[in-house]
Each structure stands twice: as structure tokens, then as C-alpha cells.
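Just data_12.cif here, mmCIF, N, CA, C and O atoms:
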```cif
data_query
loop_
_atom_site.group_PDB
_atom_site.id
_atom_site.type_symbol
_atom_site.label_atom_id
_atom_site.label_comp_id
_atom_site.auth_asym_id
_atom_site.auth_seq_id
_atom_site.Cartn_x
_atom_site.Cartn_y
_atom_site.Cartn_z
ATOM 1 N N MET A 1 31.613 -44.343 -2.722
ATOM 2 C CA MET A 1 30.914 -43.278 -3.401
ATOM 3 C C MET A 1 29.417 -43.331 -3.171
ATOM 4 O O MET A 1 28.772 -42.298 -3.086
ATOM 5 N N ALA A 2 28.899 -44.520 -3.077
ATOM 6 C CA ALA A 2 27.461 -44.650 -2.899
ATOM 7 C C ALA A 2 27.011 -44.032 -1.580
ATOM 8 O O ALA A 2 25.952 -43.427 -1.499
ATOM 9 N N GLY A 3 27.856 -44.166 -0.535
ATOM 10 C CA GLY A 3 27.493 -43.594 0.759
ATOM 11 C C GLY A 3 27.461 -42.071 0.705
ATOM 12 O O GLY A 3 26.637 -41.437 1.349
ATOM 13 N N GLY A 4 28.357 -41.471 -0.092
ATOM 14 C CA GLY A 4 28.390 -40.014 -0.217
ATOM 15 C C GLY A 4 27.143 -39.479 -0.888
ATOM 16 O O GLY A 4 26.587 -38.463 -0.481
ATOM 17 N N ARG A 5 26.713 -40.180 -1.925
ATOM 18 C CA ARG A 5 25.496 -39.737 -2.618
ATOM 19 C C ARG A 5 24.269 -39.869 -1.727
ATOM 20 O O ARG A 5 23.384 -39.040 -1.763
ATOM 21 N N LYS A 6 24.262 -40.930 -0.934
ATOM 22 C CA LYS A 6 23.122 -41.140 -0.051
ATOM 23 C C LYS A 6 23.066 -40.026 1.003
ATOM 24 O O LYS A 6 22.006 -39.487 1.302
ATOM 25 N N ARG A 7 24.240 -39.684 1.556
ATOM 26 C CA ARG A 7 24.266 -38.609 2.552
ATOM 27 C C ARG A 7 23.836 -37.280 1.931
ATOM 28 O O ARG A 7 23.123 -36.500 2.546
ATOM 29 N N GLU A 8 24.269 -37.036 0.710
ATOM 30 C CA GLU A 8 23.878 -35.800 0.016
ATOM 31 C C GLU A 8 22.368 -35.760 -0.195
ATOM 32 O O GLU A 8 21.727 -34.742 0.015
ATOM 33 N N TRP A 9 21.798 -36.896 -0.575
ATOM 34 C CA TRP A 9 20.359 -36.962 -0.777
ATOM 35 C C TRP A 9 19.606 -36.704 0.531
ATOM 36 O O TRP A 9 18.631 -35.963 0.565
ATOM 37 N N MET A 10 20.107 -37.290 1.617
ATOM 38 C CA MET A 10 19.477 -37.092 2.926
ATOM 39 C C MET A 10 19.600 -35.628 3.366
ATOM 40 O O MET A 10 18.664 -35.056 3.919
ATOM 41 N N ARG A 11 20.752 -35.024 3.119
ATOM 42 C CA ARG A 11 20.952 -33.626 3.511
ATOM 43 C C ARG A 11 19.981 -32.724 2.760
ATOM 44 O O ARG A 11 19.368 -31.834 3.337
ATOM 45 N N LYS A 12 19.811 -32.974 1.468
ATOM 46 C CA LYS A 12 18.874 -32.165 0.683
ATOM 47 C C LYS A 12 17.443 -32.364 1.168
ATOM 48 O O LYS A 12 16.672 -31.407 1.253
ATOM 49 N N LYS A 13 17.096 -33.605 1.498
ATOM 50 C CA LYS A 13 15.748 -33.888 1.974
ATOM 51 C C LYS A 13 15.483 -33.179 3.299
ATOM 52 O O LYS A 13 14.436 -32.569 3.492
ATOM 53 N N VAL A 14 16.451 -33.223 4.197
ATOM 54 C CA VAL A 14 16.290 -32.555 5.495
ATOM 55 C C VAL A 14 16.213 -31.049 5.301
ATOM 56 O O VAL A 14 15.430 -30.366 5.954
ATOM 57 N N ALA A 15 17.002 -30.509 4.380
ATOM 58 C CA ALA A 15 16.981 -29.069 4.132
ATOM 59 C C ALA A 15 15.622 -28.630 3.599
ATOM 60 O O ALA A 15 15.115 -27.576 4.001
ATOM 61 N N THR A 16 15.012 -29.418 2.723
ATOM 62 C CA THR A 16 13.705 -29.025 2.193
ATOM 63 C C THR A 16 12.621 -29.149 3.255
ATOM 64 O O THR A 16 11.692 -28.351 3.286
ATOM 65 N N VAL A 17 12.739 -30.143 4.150
ATOM 66 C CA VAL A 17 11.743 -30.301 5.208
ATOM 67 C C VAL A 17 11.813 -29.116 6.152
ATOM 68 O O VAL A 17 10.796 -28.539 6.520
ATOM 69 N N THR A 18 13.013 -28.696 6.554
ATOM 70 C CA THR A 18 13.115 -27.558 7.469
ATOM 71 C C THR A 18 12.712 -26.272 6.765
ATOM 72 O O THR A 18 12.127 -25.389 7.378
ATOM 73 N N GLY A 19 12.991 -26.169 5.463
ATOM 74 C CA GLY A 19 12.574 -24.983 4.712
ATOM 75 C C GLY A 19 11.062 -24.882 4.637
ATOM 76 O O GLY A 19 10.489 -23.817 4.811
ATOM 77 N N SER A 20 10.392 -25.994 4.392
ATOM 78 C CA SER A 20 8.938 -25.953 4.301
ATOM 79 C C SER A 20 8.328 -25.679 5.670
ATOM 80 O O SER A 20 7.282 -25.056 5.780
ATOM 81 N N ARG A 21 9.009 -26.121 6.725
ATOM 82 C CA ARG A 21 8.519 -25.832 8.078
ATOM 83 C C ARG A 21 8.588 -24.334 8.343
ATOM 84 O O ARG A 21 7.674 -23.754 8.923
ATOM 85 N N ARG A 22 9.655 -23.703 7.890
ATOM 86 C CA ARG A 22 9.776 -22.252 8.054
ATOM 87 C C ARG A 22 8.653 -21.540 7.298
ATOM 88 O O ARG A 22 8.075 -20.580 7.793
ATOM 89 N N VAL A 23 8.370 -22.011 6.102
ATOM 90 C CA VAL A 23 7.299 -21.404 5.304
ATOM 91 C C VAL A 23 5.966 -21.566 6.012
ATOM 92 O O VAL A 23 5.170 -20.629 6.084
ATOM 93 N N ARG A 24 5.722 -22.748 6.559
ATOM 94 C CA ARG A 24 4.467 -22.971 7.274
ATOM 95 C C ARG A 24 4.361 -22.077 8.498
ATOM 96 O O ARG A 24 3.311 -21.509 8.779
ATOM 97 N N LEU A 25 5.459 -21.920 9.242
ATOM 98 C CA LEU A 25 5.426 -21.063 10.422
ATOM 99 C C LEU A 25 5.199 -19.606 10.033
ATOM 100 O O LEU A 25 4.442 -18.882 10.685
ATOM 101 N N LEU A 26 5.856 -19.178 8.953
ATOM 102 C CA LEU A 26 5.684 -17.794 8.503
ATOM 103 C C LEU A 26 4.257 -17.546 8.031
ATOM 104 O O LEU A 26 3.644 -16.537 8.373
ATOM 105 N N SER A 27 3.708 -18.477 7.256
ATOM 106 C CA SER A 27 2.345 -18.281 6.760
ATOM 107 C C SER A 27 1.342 -18.319 7.912
ATOM 108 O O SER A 27 0.359 -17.586 7.901
ATOM 109 N N ALA A 28 1.598 -19.145 8.925
ATOM 110 C CA ALA A 28 0.703 -19.176 10.079
ATOM 111 C C ALA A 28 0.764 -17.859 10.838
ATOM 112 O O ALA A 28 -0.259 -17.333 11.289
ATOM 113 N N ALA A 29 1.960 -17.301 10.972
ATOM 114 C CA ALA A 29 2.100 -16.017 11.668
ATOM 115 C C ALA A 29 1.400 -14.906 10.891
ATOM 116 O O ALA A 29 0.719 -14.056 11.474
ATOM 117 N N LEU A 30 1.549 -14.917 9.569
ATOM 118 C CA LEU A 30 0.880 -13.897 8.764
ATOM 119 C C LEU A 30 -0.631 -14.048 8.813
ATOM 120 O O LEU A 30 -1.367 -13.066 8.836
ATOM 121 N N ARG A 31 -1.100 -15.298 8.835
ATOM 122 C CA ARG A 31 -2.532 -15.542 8.895
ATOM 123 C C ARG A 31 -3.100 -15.031 10.213
ATOM 124 O O ARG A 31 -4.179 -14.462 10.268
ATOM 125 N N ARG A 32 -2.339 -15.222 11.307
ATOM 126 C CA ARG A 32 -2.803 -14.726 12.596
ATOM 127 C C ARG A 32 -2.903 -13.212 12.608
ATOM 128 O O ARG A 32 -3.769 -12.642 13.231
ATOM 129 N N ARG A 33 -1.993 -12.550 11.907
ATOM 130 C CA ARG A 33 -2.005 -11.090 11.869
ATOM 131 C C ARG A 33 -3.004 -10.557 10.851
ATOM 132 O O ARG A 33 -3.252 -9.361 10.795
ATOM 133 N N GLY A 34 -3.551 -11.430 10.013
ATOM 134 C CA GLY A 34 -4.562 -11.009 9.049
ATOM 135 C C GLY A 34 -3.972 -10.446 7.773
ATOM 136 O O GLY A 34 -4.607 -9.647 7.105
ATOM 137 N N LEU A 35 -2.751 -10.844 7.400
ATOM 138 C CA LEU A 35 -2.115 -10.298 6.215
ATOM 139 C C LEU A 35 -2.245 -11.196 4.999
ATOM 140 O O LEU A 35 -1.923 -10.794 3.902
ATOM 141 N N VAL A 36 -2.703 -12.406 5.175
ATOM 142 C CA VAL A 36 -2.832 -13.347 4.065
ATOM 143 C C VAL A 36 -4.321 -13.551 3.793
ATOM 144 O O VAL A 36 -5.139 -13.525 4.711
ATOM 145 N N ALA A 37 -4.655 -13.745 2.529
ATOM 146 C CA ALA A 37 -6.064 -13.883 2.144
ATOM 147 C C ALA A 37 -6.724 -15.061 2.854
ATOM 148 O O ALA A 37 -7.913 -15.025 3.129
ATOM 149 N N GLY A 38 -5.971 -16.094 3.155
ATOM 150 C CA GLY A 38 -6.538 -17.243 3.858
ATOM 151 C C GLY A 38 -7.027 -16.864 5.244
ATOM 152 O O GLY A 38 -8.003 -17.390 5.746
ATOM 153 N N GLY A 39 -6.335 -15.921 5.885
ATOM 154 C CA GLY A 39 -6.739 -15.463 7.201
ATOM 155 C C GLY A 39 -7.794 -14.388 7.132
ATOM 156 O O GLY A 39 -8.368 -14.006 8.138
ATOM 157 N N GLY A 40 -8.039 -13.869 5.955
ATOM 158 C CA GLY A 40 -9.046 -12.837 5.781
ATOM 159 C C GLY A 40 -8.434 -11.448 5.818
ATOM 160 O O GLY A 40 -7.808 -11.066 6.790
ATOM 161 N N LEU A 41 -8.594 -10.738 4.751
ATOM 162 C CA LEU A 41 -8.108 -9.365 4.718
ATOM 163 C C LEU A 41 -9.090 -8.467 5.435
ATOM 164 O O LEU A 41 -10.278 -8.773 5.517
ATOM 165 N N PRO A 42 -8.602 -7.347 5.961
ATOM 166 C CA PRO A 42 -9.537 -6.426 6.599
ATOM 167 C C PRO A 42 -10.564 -5.923 5.592
ATOM 168 O O PRO A 42 -10.232 -5.609 4.456
ATOM 169 N N ARG A 43 -11.815 -5.891 5.993
ATOM 170 C CA ARG A 43 -12.890 -5.494 5.092
ATOM 171 C C ARG A 43 -12.846 -3.985 4.875
ATOM 172 O O ARG A 43 -12.730 -3.208 5.808
ATOM 173 N N VAL A 44 -12.891 -3.584 3.614
ATOM 174 C CA VAL A 44 -12.881 -2.168 3.281
ATOM 175 C C VAL A 44 -14.314 -1.659 3.375
ATOM 176 O O VAL A 44 -15.222 -2.213 2.765
ATOM 177 N N ASP A 45 -14.494 -0.626 4.132
ATOM 178 C CA ASP A 45 -15.828 -0.102 4.374
ATOM 179 C C ASP A 45 -16.262 0.773 3.208
ATOM 180 O O ASP A 45 -15.522 1.648 2.762
ATOM 181 N N PHE A 46 -17.471 0.576 2.728
ATOM 182 C CA PHE A 46 -18.003 1.352 1.612
ATOM 183 C C PHE A 46 -18.137 2.822 1.988
ATOM 184 O O PHE A 46 -17.833 3.711 1.205
ATOM 185 N N LEU A 47 -18.597 3.083 3.202
ATOM 186 C CA LEU A 47 -18.764 4.468 3.634
ATOM 187 C C LEU A 47 -17.424 5.197 3.734
ATOM 188 O O LEU A 47 -17.349 6.396 3.471
ATOM 189 N N GLN A 48 -16.383 4.476 4.092
ATOM 190 C CA GLN A 48 -15.061 5.100 4.160
ATOM 191 C C GLN A 48 -14.597 5.511 2.764
ATOM 192 O O GLN A 48 -14.065 6.614 2.589
ATOM 193 N N ASN A 49 -14.813 4.666 1.780
ATOM 194 C CA ASN A 49 -14.453 5.023 0.404
ATOM 195 C C ASN A 49 -15.263 6.204 -0.092
ATOM 196 O O ASN A 49 -14.727 7.111 -0.746
ATOM 197 N N LEU A 50 -16.539 6.221 0.202
ATOM 198 C CA LEU A 50 -17.399 7.330 -0.197
ATOM 199 C C LEU A 50 -16.950 8.627 0.472
ATOM 200 O O LEU A 50 -16.835 9.666 -0.187
ATOM 201 N N TYR A 51 -16.654 8.561 1.742
ATOM 202 C CA TYR A 51 -16.191 9.730 2.495
ATOM 203 C C TYR A 51 -14.887 10.269 1.902
ATOM 204 O O TYR A 51 -14.728 11.479 1.727
ATOM 205 N N GLU A 52 -13.949 9.375 1.599
ATOM 206 C CA GLU A 52 -12.664 9.805 1.043
ATOM 207 C C GLU A 52 -12.834 10.465 -0.322
ATOM 208 O O GLU A 52 -12.193 11.477 -0.610
ATOM 209 N N SER A 53 -13.699 9.923 -1.170
ATOM 210 C CA SER A 53 -13.878 10.510 -2.496
ATOM 211 C C SER A 53 -14.570 11.868 -2.410
ATOM 212 O O SER A 53 -14.190 12.809 -3.111
ATOM 213 N N ILE A 54 -15.564 11.988 -1.534
ATOM 214 C CA ILE A 54 -16.239 13.281 -1.360
ATOM 215 C C ILE A 54 -15.263 14.310 -0.801
ATOM 216 O O ILE A 54 -15.212 15.456 -1.267
ATOM 217 N N LEU A 55 -14.474 13.913 0.179
ATOM 218 C CA LEU A 55 -13.497 14.823 0.770
ATOM 219 C C LEU A 55 -12.448 15.260 -0.249
ATOM 220 O O LEU A 55 -12.047 16.432 -0.290
ATOM 221 N N PHE A 56 -12.021 14.332 -1.105
ATOM 222 C CA PHE A 56 -11.034 14.662 -2.139
ATOM 223 C C PHE A 56 -11.586 15.735 -3.072
ATOM 224 O O PHE A 56 -10.910 16.736 -3.343
ATOM 225 N N TYR A 57 -12.808 15.550 -3.577
ATOM 226 C CA TYR A 57 -13.377 16.528 -4.506
ATOM 227 C C TYR A 57 -13.675 17.863 -3.815
ATOM 228 O O TYR A 57 -13.509 18.928 -4.410
ATOM 229 N N LEU A 58 -14.087 17.819 -2.568
ATOM 230 C CA LEU A 58 -14.339 19.051 -1.828
ATOM 231 C C LEU A 58 -13.054 19.852 -1.648
ATOM 232 O O LEU A 58 -13.024 21.071 -1.889
ATOM 233 N N LEU A 59 -11.974 19.181 -1.267
ATOM 234 C CA LEU A 59 -10.691 19.874 -1.121
ATOM 235 C C LEU A 59 -10.159 20.362 -2.465
ATOM 236 O O LEU A 59 -9.519 21.416 -2.543
ATOM 237 N N TRP A 60 -10.439 19.626 -3.528
ATOM 238 C CA TRP A 60 -10.022 20.043 -4.866
ATOM 239 C C TRP A 60 -10.722 21.349 -5.258
ATOM 240 O O TRP A 60 -10.098 22.267 -5.790
ATOM 241 N N VAL A 61 -12.015 21.450 -4.975
ATOM 242 C CA VAL A 61 -12.764 22.666 -5.281
ATOM 243 C C VAL A 61 -12.260 23.832 -4.438
ATOM 244 O O VAL A 61 -12.046 24.939 -4.946
ATOM 245 N N ILE A 62 -12.034 23.597 -3.153
ATOM 246 C CA ILE A 62 -11.541 24.665 -2.272
ATOM 247 C C ILE A 62 -10.177 25.154 -2.734
ATOM 248 O O ILE A 62 -9.913 26.366 -2.777
ATOM 249 N N GLU A 63 -9.292 24.243 -3.100
ATOM 250 C CA GLU A 63 -7.968 24.635 -3.580
ATOM 251 C C GLU A 63 -8.071 25.447 -4.871
ATOM 252 O O GLU A 63 -7.360 26.446 -5.050
ATOM 253 N N SER A 64 -8.961 25.043 -5.753
ATOM 254 C CA SER A 64 -9.145 25.787 -7.009
ATOM 255 C C SER A 64 -9.636 27.202 -6.740
ATOM 256 O O SER A 64 -9.166 28.161 -7.363
ATOM 257 N N VAL A 65 -10.555 27.352 -5.811
ATOM 258 C CA VAL A 65 -11.063 28.682 -5.469
ATOM 259 C C VAL A 65 -9.962 29.545 -4.870
ATOM 260 O O VAL A 65 -9.822 30.733 -5.203
ATOM 261 N N VAL A 66 -9.134 28.973 -4.011
ATOM 262 C CA VAL A 66 -8.036 29.727 -3.393
ATOM 263 C C VAL A 66 -7.033 30.168 -4.450
ATOM 264 O O VAL A 66 -6.584 31.331 -4.456
ATOM 265 N N VAL A 67 -6.672 29.293 -5.366
ATOM 266 C CA VAL A 67 -5.712 29.657 -6.421
ATOM 267 C C VAL A 67 -6.310 30.738 -7.314
ATOM 268 O O VAL A 67 -5.622 31.711 -7.672
ATOM 269 N N LEU A 68 -7.562 30.623 -7.677
ATOM 270 C CA LEU A 68 -8.221 31.639 -8.498
ATOM 271 C C LEU A 68 -8.270 32.984 -7.771
ATOM 272 O O LEU A 68 -8.025 34.041 -8.373
ATOM 273 N N ALA A 69 -8.539 32.964 -6.473
ATOM 274 C CA ALA A 69 -8.561 34.203 -5.691
ATOM 275 C C ALA A 69 -7.182 34.841 -5.640
ATOM 276 O O ALA A 69 -7.052 36.072 -5.726
ATOM 277 N N MET A 70 -6.134 34.036 -5.525
ATOM 278 C CA MET A 70 -4.773 34.592 -5.495
ATOM 279 C C MET A 70 -4.411 35.214 -6.839
ATOM 280 O O MET A 70 -3.788 36.283 -6.897
ATOM 281 N N VAL A 71 -4.811 34.584 -7.936
ATOM 282 C CA VAL A 71 -4.527 35.132 -9.267
ATOM 283 C C VAL A 71 -5.290 36.444 -9.462
ATOM 284 O O VAL A 71 -4.734 37.438 -9.957
ATOM 285 N N CYS A 72 -6.549 36.464 -9.060
ATOM 286 C CA CYS A 72 -7.338 37.702 -9.168
ATOM 287 C C CYS A 72 -6.724 38.808 -8.320
ATOM 288 O O CYS A 72 -6.618 39.961 -8.760
ATOM 289 N N PHE A 73 -6.307 38.501 -7.103
ATOM 290 C CA PHE A 73 -5.679 39.496 -6.248
ATOM 291 C C PHE A 73 -4.413 40.034 -6.894
ATOM 292 O O PHE A 73 -4.166 41.245 -6.886
ATOM 293 N N PHE A 74 -3.595 39.159 -7.469
ATOM 294 C CA PHE A 74 -2.356 39.588 -8.111
ATOM 295 C C PHE A 74 -2.649 40.562 -9.253
ATOM 296 O O PHE A 74 -2.029 41.624 -9.353
ATOM 297 N N PHE A 75 -3.612 40.206 -10.118
ATOM 298 C CA PHE A 75 -3.916 41.071 -11.257
ATOM 299 C C PHE A 75 -4.578 42.377 -10.824
ATOM 300 O O PHE A 75 -4.352 43.428 -11.409
ATOM 301 N N LEU A 76 -5.408 42.345 -9.781
ATOM 302 C CA LEU A 76 -6.028 43.578 -9.304
ATOM 303 C C LEU A 76 -5.015 44.481 -8.601
ATOM 304 O O LEU A 76 -5.092 45.706 -8.684
ATOM 305 N N ARG A 77 -4.071 43.883 -7.909
ATOM 306 C CA ARG A 77 -3.076 44.670 -7.177
ATOM 307 C C ARG A 77 -2.026 45.274 -8.101
ATOM 308 O O ARG A 77 -1.645 46.423 -7.971
ATOM 309 N N PHE A 78 -1.508 44.493 -9.035
ATOM 310 C CA PHE A 78 -0.390 44.934 -9.877
ATOM 311 C C PHE A 78 -0.811 45.320 -11.283
ATOM 312 O O PHE A 78 0.018 45.658 -12.102
ATOM 313 N N GLY A 79 -2.061 45.248 -11.581
ATOM 314 C CA GLY A 79 -2.547 45.640 -12.908
ATOM 315 C C GLY A 79 -2.493 44.487 -13.883
ATOM 316 O O GLY A 79 -1.929 43.418 -13.618
ATOM 317 N N PHE A 80 -3.070 44.721 -15.058
ATOM 318 C CA PHE A 80 -3.160 43.650 -16.046
ATOM 319 C C PHE A 80 -2.007 43.646 -17.027
ATOM 320 O O PHE A 80 -1.914 42.790 -17.880
ATOM 321 N N ARG A 81 -1.120 44.614 -16.952
ATOM 322 C CA ARG A 81 0.044 44.590 -17.850
ATOM 323 C C ARG A 81 1.195 43.841 -17.176
ATOM 324 O O ARG A 81 1.433 43.996 -15.983
ATOM 325 N N LEU A 82 1.866 43.054 -17.919
ATOM 326 C CA LEU A 82 2.972 42.255 -17.361
ATOM 327 C C LEU A 82 4.265 42.871 -17.731
ATOM 328 O O LEU A 82 4.972 43.274 -18.230
#
```
Please express the file's structure as C-alpha cells.
Amino acid sequence: MAGGRKREWMRKKVATVTGSRRVRLLSAALRRRGLVAGGGLPRVDFLQNLYESILFYLLWVIESVVVLAMVCFFFLRFGFRL
């Protein structure tokens, strides 16, 4: 019985060593691709954020004007009675 327990212990030890090796290889691959904080995340550009927010509000205003124009056209074309 003692030999069986020893083999089981060795099998578990080998399994954890190969598992940790897989984790190390995966983390190294992710670090090379720049997906892990240790490898450095891509820097977010301040001007890009500013551009996106300005563009969002500009498109929001344009959409509001278009919807308002369509409502005005509908009421002018078909009258104000529903």
C-alpha cells in the first residue's frame, strides 16, 4: 500500500508541474502579444478619446435635428389634427 500512495503523490506532483508550465507558457505568449498588464497594455491616446466624445455629441445633435425636421414635415404636410 505504501508504494501506491507514493506513486499517487508523484503523479500529482508531476501533474502540477506540467500544469504550471502550461500556465507559464500561456502567460508568456499573452505577454508577447501585449494582452497582460505585465507586458504593457496598449496606451490609450487622450486625443482619440477627445475626438470620440466630440464626434458622439456632434452626431447626437445632427440626429436630433433630423428627427425634429421629420416631425415638422409630417405636421406641416398632414396638418395638426390627428
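Between atom C of Gly79 of chain A and atom O of Val67 of chain A there is a distance of 14.5 Å.
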Interatomic distance, atom CA of Cys72 of chain A to atom O of Trp60 of chain A (Å, one decimal): 16.0 Å
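What separates atom O of Glu52 of chain A from atom CA of Met70 of chain A is a distance of 24.8 Å.
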